[in-house]
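*Asks:* First, the structure itself, so that you have it in front of you.
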Protein chains: 2
Amino acid sequence: MSIRSSSVSLGNFTLHPQLAADCLPVGDFALCRVLLMNNRNFPWLVLVPKREGLRELFDLSSEDYAQTMTEIRRIAETFRVLTNADKMNIAALGNIVPQLHIHVIARYENDDAWPNPVWNSGVAASAYSAEESRSFITKIRAALGL
Amino acid sequence: MSIRSSSVSLGNFTLHPQLAADCLPVGDFALCRVLLMNNRNFPWLVLVPKREGLRELFDLSSEDYAQTMTEIRRIAETFRVLTNADKMNIAALGNIVPQLHIHVIARYENDDAWPNPVWNSGVAASAYSAEESRSFITKIRAALGL
């Protein structure tokens, strides 16, 4: 399935304001918007399928589900190489923000939350500086071909 | 792709001893073993693709990845209906147990960890009684067609 083609027909889509507040925009794959969580403690992407009214992964149509999974695989594998992570954490939780979104997080055996998950870890979020985020997003976009 | 067919050729596979200790066996899909986390606080399945030496989702071959995603979708959707959950949490973390495994967890707005993830939540695990687990696993197997 294509990653960047325009073969996916998209209707209206509005990013949830909490995701817009917490994340920085990276770019768009065919179906998913790619965001960078604005937290320099963990290299952390968030994928949001650009469909209205989805909460669960299985709310996606079969075709969109397959496309989302293809994009997750591509992004997780590429982000692991870019970040040289020890482990990738991939999760669809959505207990707080109801709009379907998928976390793709690069973890290191010496990061502040290891080996626990990053959520509810007691590690306070720390925003990127403007220069840090610009530089990192440029690298991510290049790696992902965005 | 088939869920229960024998079209997936499987080699040797050994369940990681930590997963064997923490979980109860439910059954086998074409590619994934299905386990029930032995923790009555949260209805919680664990899927383990029956391949040796995998740690990341993208370590799966393209064909196995698609099959695993098909099985995740089927199991998550069915388990949500069975448990009447408010939200499903689906995650591949693996920071502690290195064998690739996927969590499929039924969450309720009044469960002990809500809205936090179940890991590192401070809620101690509580094992099912023999009768509870037998009854629940019978229902899960029937729902999943196992």
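Naming scheme: A, B, ... for chains in displayed order of the structure tokens; residues 1 onward per chain; ligands 1 onward as shown.
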Could you make a table, as CSV, of the residues of chain B that have an atom within 9 Å of an atom of chain A, each with its nearest atom pair and distance in Å to one decimal, counting only C-alpha atoms, in chain and number order?

*Replies:*
residue,atom,partner,partner_atom,distance
B:Arg55,CA,A:Lys87,CA,8.4
B:Glu56,CA,A:Met88,CA,7.0
B:Leu57,CA,A:Arg73,CA,7.4
B:Phe58,CA,A:Arg73,CA,5.9
B:Asp59,CA,A:Glu77,CA,9.0
B:Tyr65,CA,A:Arg73,CA,8.7
B:Ala66,CA,A:Ala66,CA,7.6
B:Met69,CA,A:Met69,CA,7.2
B:Thr70,CA,A:Ala66,CA,8.4
B:Arg73,CA,A:Phe58,CA,5.9
B:Arg74,CA,A:Phe58,CA,8.2
B:Ala76,CA,A:Phe58,CA,7.6
B:Glu77,CA,A:Phe58,CA,6.3
B:Asp86,CA,A:Asn95,CA,9.0
B:Lys87,CA,A:Asn95,CA,6.8
B:Met88,CA,A:Leu93,CA,6.9
B:Asn89,CA,A:Leu93,CA,4.5
B:Ile90,CA,A:Ala92,CA,5.2
B:Ala91,CA,A:Ala91,CA,4.0
B:Ala92,CA,A:Ile90,CA,5.2
B:Leu93,CA,A:Asn89,CA,4.5
B:Gly94,CA,A:Asn89,CA,7.4
B:Asn95,CA,A:Pro115,CA,5.4
B:Ile96,CA,A:Pro115,CA,6.3
B:Arg107,CA,A:Asn95,CA,8.3
B:Glu109,CA,A:Asn95,CA,8.4
B:Trp114,CA,A:Asn95,CA,7.5
B:Pro115,CA,A:Asn95,CA,5.4
B:Asn116,CA,A:Asn120,CA,6.6
B:Pro117,CA,A:Trp119,CA,7.1
B:Trp119,CA,A:Pro117,CA,7.1
B:Asn120,CA,A:Asn116,CA,6.6
B:Ser121,CA,A:Asn120,CA,7.6

*Asks:* Next, write the just-selected residues to a file, as a short mmCIF file (atom, residue, chain, number, x, y, z; two decimals), in the first residue's frame, keeping N, CA, C and O atoms as the atom set.

*Replies:*
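Final file, part.cif:
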data_model
loop_
_atom_site.label_atom_id
_atom_site.label_comp_id
_atom_site.auth_asym_id
_atom_site.auth_seq_id
_atom_site.Cartn_x
_atom_site.Cartn_y
_atom_site.Cartn_z
N ARG B 55 11.59 -8.91 18.54
CA ARG B 55 11.45 -7.96 19.65
C ARG B 55 10.52 -6.80 19.28
O ARG B 55 9.71 -6.38 20.07
N GLU B 56 10.65 -6.30 18.05
CA GLU B 56 9.87 -5.15 17.61
C GLU B 56 8.77 -5.61 16.64
O GLU B 56 8.96 -6.60 15.92
N LEU B 57 7.69 -4.87 16.56
CA LEU B 57 6.65 -5.19 15.58
C LEU B 57 7.22 -5.26 14.17
O LEU B 57 6.85 -6.12 13.37
N PHE B 58 8.18 -4.34 13.87
CA PHE B 58 8.71 -4.34 12.51
C PHE B 58 9.78 -5.41 12.30
O PHE B 58 10.35 -5.49 11.21
N ASP B 59 10.05 -6.23 13.31
CA ASP B 59 10.88 -7.42 13.09
C ASP B 59 10.08 -8.51 12.36
O ASP B 59 10.67 -9.45 11.81
N TYR B 65 3.47 -9.39 9.67
CA TYR B 65 3.00 -8.13 10.25
C TYR B 65 1.52 -7.93 9.91
O TYR B 65 0.70 -7.63 10.77
N ALA B 66 1.19 -8.11 8.64
CA ALA B 66 -0.21 -7.93 8.23
C ALA B 66 -1.11 -8.93 8.94
O ALA B 66 -2.21 -8.59 9.39
N MET B 69 -1.56 -7.88 12.57
CA MET B 69 -2.47 -6.73 12.67
C MET B 69 -3.92 -7.17 12.46
O MET B 69 -4.83 -6.66 13.12
N THR B 70 -4.13 -8.11 11.55
CA THR B 70 -5.48 -8.65 11.35
C THR B 70 -5.97 -9.35 12.62
O THR B 70 -7.13 -9.20 13.03
N ARG B 73 -6.79 -6.78 15.37
CA ARG B 73 -8.08 -6.11 15.12
C ARG B 73 -9.24 -7.02 15.53
O ARG B 73 -10.15 -6.60 16.24
N ARG B 74 -9.18 -8.27 15.09
CA ARG B 74 -10.25 -9.20 15.39
C ARG B 74 -10.40 -9.41 16.90
O ARG B 74 -11.51 -9.40 17.46
N ALA B 76 -9.23 -7.47 19.44
CA ALA B 76 -9.59 -6.25 20.18
C ALA B 76 -11.08 -5.96 20.04
O ALA B 76 -11.76 -5.62 21.02
N GLU B 77 -11.59 -6.08 18.83
CA GLU B 77 -13.00 -5.77 18.59
C GLU B 77 -13.90 -6.78 19.33
O GLU B 77 -14.89 -6.40 19.97
N ASP B 86 -15.22 0.44 28.07
CA ASP B 86 -15.38 1.81 27.60
C ASP B 86 -14.31 2.17 26.58
O ASP B 86 -14.53 3.04 25.72
N LYS B 87 -13.13 1.56 26.70
CA LYS B 87 -12.01 1.89 25.81
C LYS B 87 -11.07 0.69 25.77
O LYS B 87 -10.86 0.05 26.80
N MET B 88 -10.53 0.41 24.60
CA MET B 88 -9.48 -0.60 24.50
C MET B 88 -8.12 0.09 24.48
O MET B 88 -7.96 1.14 23.84
N ASN B 89 -7.17 -0.48 25.19
CA ASN B 89 -5.78 -0.02 25.14
C ASN B 89 -4.96 -1.10 24.44
O ASN B 89 -4.97 -2.26 24.88
N ILE B 90 -4.29 -0.74 23.36
CA ILE B 90 -3.51 -1.70 22.57
C ILE B 90 -2.07 -1.20 22.51
O ILE B 90 -1.84 -0.05 22.14
N ALA B 91 -1.13 -2.06 22.90
CA ALA B 91 0.25 -1.57 22.99
C ALA B 91 1.27 -2.68 22.83
O ALA B 91 1.07 -3.80 23.31
N ALA B 92 2.35 -2.35 22.15
CA ALA B 92 3.55 -3.19 22.10
C ALA B 92 4.66 -2.39 22.76
O ALA B 92 5.14 -1.40 22.19
N LEU B 93 5.03 -2.78 23.96
CA LEU B 93 6.05 -2.05 24.72
C LEU B 93 7.32 -2.89 24.77
O LEU B 93 8.27 -2.64 24.08
N GLY B 94 7.34 -3.92 25.64
CA GLY B 94 8.47 -4.86 25.61
C GLY B 94 9.75 -4.31 26.21
O GLY B 94 10.84 -4.76 25.87
N ASN B 95 9.64 -3.33 27.10
CA ASN B 95 10.85 -2.81 27.74
C ASN B 95 11.41 -3.81 28.75
O ASN B 95 12.60 -3.79 29.05
N ILE B 96 10.55 -4.65 29.29
CA ILE B 96 10.98 -5.58 30.33
C ILE B 96 11.08 -7.00 29.78
O ILE B 96 12.10 -7.67 29.94
N ARG B 107 -10.61 -1.39 29.17
CA ARG B 107 -10.58 -0.37 30.22
C ARG B 107 -11.99 0.18 30.49
O ARG B 107 -12.81 0.26 29.56
N GLU B 109 -14.15 3.36 32.67
CA GLU B 109 -13.98 4.68 33.27
C GLU B 109 -14.00 4.62 34.79
O GLU B 109 -13.65 5.60 35.45
N TRP B 114 -7.87 4.08 35.81
CA TRP B 114 -8.38 5.08 34.85
C TRP B 114 -8.10 6.50 35.30
O TRP B 114 -8.26 6.78 36.47
N PRO B 115 -7.70 7.42 34.41
CA PRO B 115 -7.47 7.23 32.97
C PRO B 115 -6.01 6.87 32.64
O PRO B 115 -5.64 6.90 31.48
N ASN B 116 -5.23 6.54 33.65
CA ASN B 116 -3.84 6.19 33.39
C ASN B 116 -3.73 4.81 32.73
O ASN B 116 -4.64 3.98 32.86
N PRO B 117 -2.62 4.54 32.07
CA PRO B 117 -2.37 3.17 31.57
C PRO B 117 -2.27 2.21 32.76
O PRO B 117 -2.05 2.62 33.90
N TRP B 119 0.00 -0.12 33.30
CA TRP B 119 1.35 -0.42 33.74
C TRP B 119 1.82 0.66 34.71
O TRP B 119 1.55 1.84 34.51
N ASN B 120 2.51 0.24 35.76
CA ASN B 120 3.10 1.22 36.67
C ASN B 120 2.02 2.13 37.28
O ASN B 120 2.26 3.29 37.57
N SER B 121 0.82 1.57 37.44
CA SER B 121 -0.32 2.39 37.89
C SER B 121 -0.43 2.41 39.41
O SER B 121 -1.24 3.17 39.95
#

*Asks:* Quick one: residues within 12 Å of Pro25 in chain A, only C-alpha atoms, excluding same-chain residues fewer than 4 positions away - as a ChimeraX atom specification?

*Replies:* /A:15,19-21,32-38,45-48,133-134,136-138,140-141,146

*Asks:* Generate the output file for the selected residues, C-alpha atoms, as an mmCIF file, in the first residue's frame.

*Replies:*
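Done, and the output landed in result_10.cif:
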data_model
loop_
_atom_site.group_PDB
_atom_site.id
_atom_site.type_symbol
_atom_site.label_atom_id
_atom_site.label_comp_id
_atom_site.auth_asym_id
_atom_site.auth_seq_id
_atom_site.Cartn_x
_atom_site.Cartn_y
_atom_site.Cartn_z
ATOM 1 C CA LEU A 15 -6.979 17.654 14.888
ATOM 2 C CA LEU A 19 -3.036 17.010 20.438
ATOM 3 C CA ALA A 20 -2.529 20.362 18.718
ATOM 4 C CA ALA A 21 -1.464 21.865 22.050
ATOM 5 C CA CYS A 32 -1.990 9.743 9.022
ATOM 6 C CA ARG A 33 -0.849 13.103 10.256
ATOM 7 C CA VAL A 34 2.544 12.843 11.941
ATOM 8 C CA LEU A 35 3.179 14.937 15.052
ATOM 9 C CA LEU A 36 6.142 15.307 17.402
ATOM 10 C CA MET A 37 5.250 15.300 21.101
ATOM 11 C CA ASN A 38 6.744 18.513 22.473
ATOM 12 C CA LEU A 45 5.845 10.733 17.459
ATOM 13 C CA VAL A 46 2.065 10.654 17.364
ATOM 14 C CA LEU A 47 0.145 9.428 14.306
ATOM 15 C CA VAL A 48 -3.424 10.551 13.760
ATOM 16 C CA SER A 133 12.460 21.305 17.494
ATOM 17 C CA ARG A 134 13.241 22.900 14.113
ATOM 18 C CA PHE A 136 14.784 17.574 14.937
ATOM 19 C CA ILE A 137 11.699 17.970 12.760
ATOM 20 C CA THR A 138 13.910 18.670 9.736
ATOM 21 C CA ILE A 140 12.486 13.461 10.905
ATOM 22 C CA ARG A 141 10.951 14.853 7.718
ATOM 23 C CA LEU A 146 8.142 14.207 4.007
#

*Asks:* Could you write out, as a list in words, all the residues of range 32-62 of chain A that DSSP marks as strand (DSSP E or B)?

*Replies:*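 Of range 32-62 of chain A, the ones in strand (DSSP E or B) are Cys32, Arg33, Val34, Leu35, Leu36, Met37, Trp44, Leu45, Val46, Leu47, Val48 and Pro49 of chain A.
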
*Asks:* Got time to write the residues from that selection, N, CA and C atoms, as a tab-separated table (two decimals), in the first residue's frame?

*Replies:*
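Generated file (selection-v9.tsv):
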chain	number	residue	atom	x	y	z
A	32	CYS	N	-2.24	9.23	7.66
A	32	CYS	CA	-1.99	9.74	9.02
A	32	CYS	C	-1.23	11.07	9.03
A	33	ARG	N	-1.66	11.94	9.92
A	33	ARG	CA	-0.85	13.10	10.26
A	33	ARG	C	0.22	12.66	11.24
A	34	VAL	N	1.42	13.19	11.06
A	34	VAL	CA	2.54	12.84	11.94
A	34	VAL	C	2.88	14.06	12.79
A	35	LEU	N	2.90	13.87	14.10
A	35	LEU	CA	3.18	14.94	15.05
A	35	LEU	C	4.38	14.54	15.91
A	36	LEU	N	5.07	15.55	16.43
A	36	LEU	CA	6.14	15.31	17.40
A	36	LEU	C	5.66	15.79	18.76
A	37	MET	N	5.61	14.88	19.74
A	37	MET	CA	5.25	15.30	21.10
A	37	MET	C	6.30	16.31	21.58
A	44	TRP	N	9.36	11.19	20.44
A	44	TRP	CA	8.00	10.65	20.57
A	44	TRP	C	7.13	11.20	19.45
A	45	LEU	N	6.76	10.34	18.53
A	45	LEU	CA	5.84	10.73	17.46
A	45	LEU	C	4.43	10.28	17.79
A	46	VAL	N	3.47	11.01	17.23
A	46	VAL	CA	2.07	10.65	17.36
A	46	VAL	C	1.47	10.64	15.96
A	47	LEU	N	0.80	9.56	15.61
A	47	LEU	CA	0.15	9.43	14.31
A	47	LEU	C	-1.35	9.55	14.50
A	48	VAL	N	-1.98	10.35	13.67
A	48	VAL	CA	-3.42	10.55	13.76
A	48	VAL	C	-4.05	10.29	12.40
A	49	PRO	N	-4.78	9.18	12.25
A	49	PRO	CA	-5.49	8.95	10.97
A	49	PRO	C	-6.46	10.11	10.72
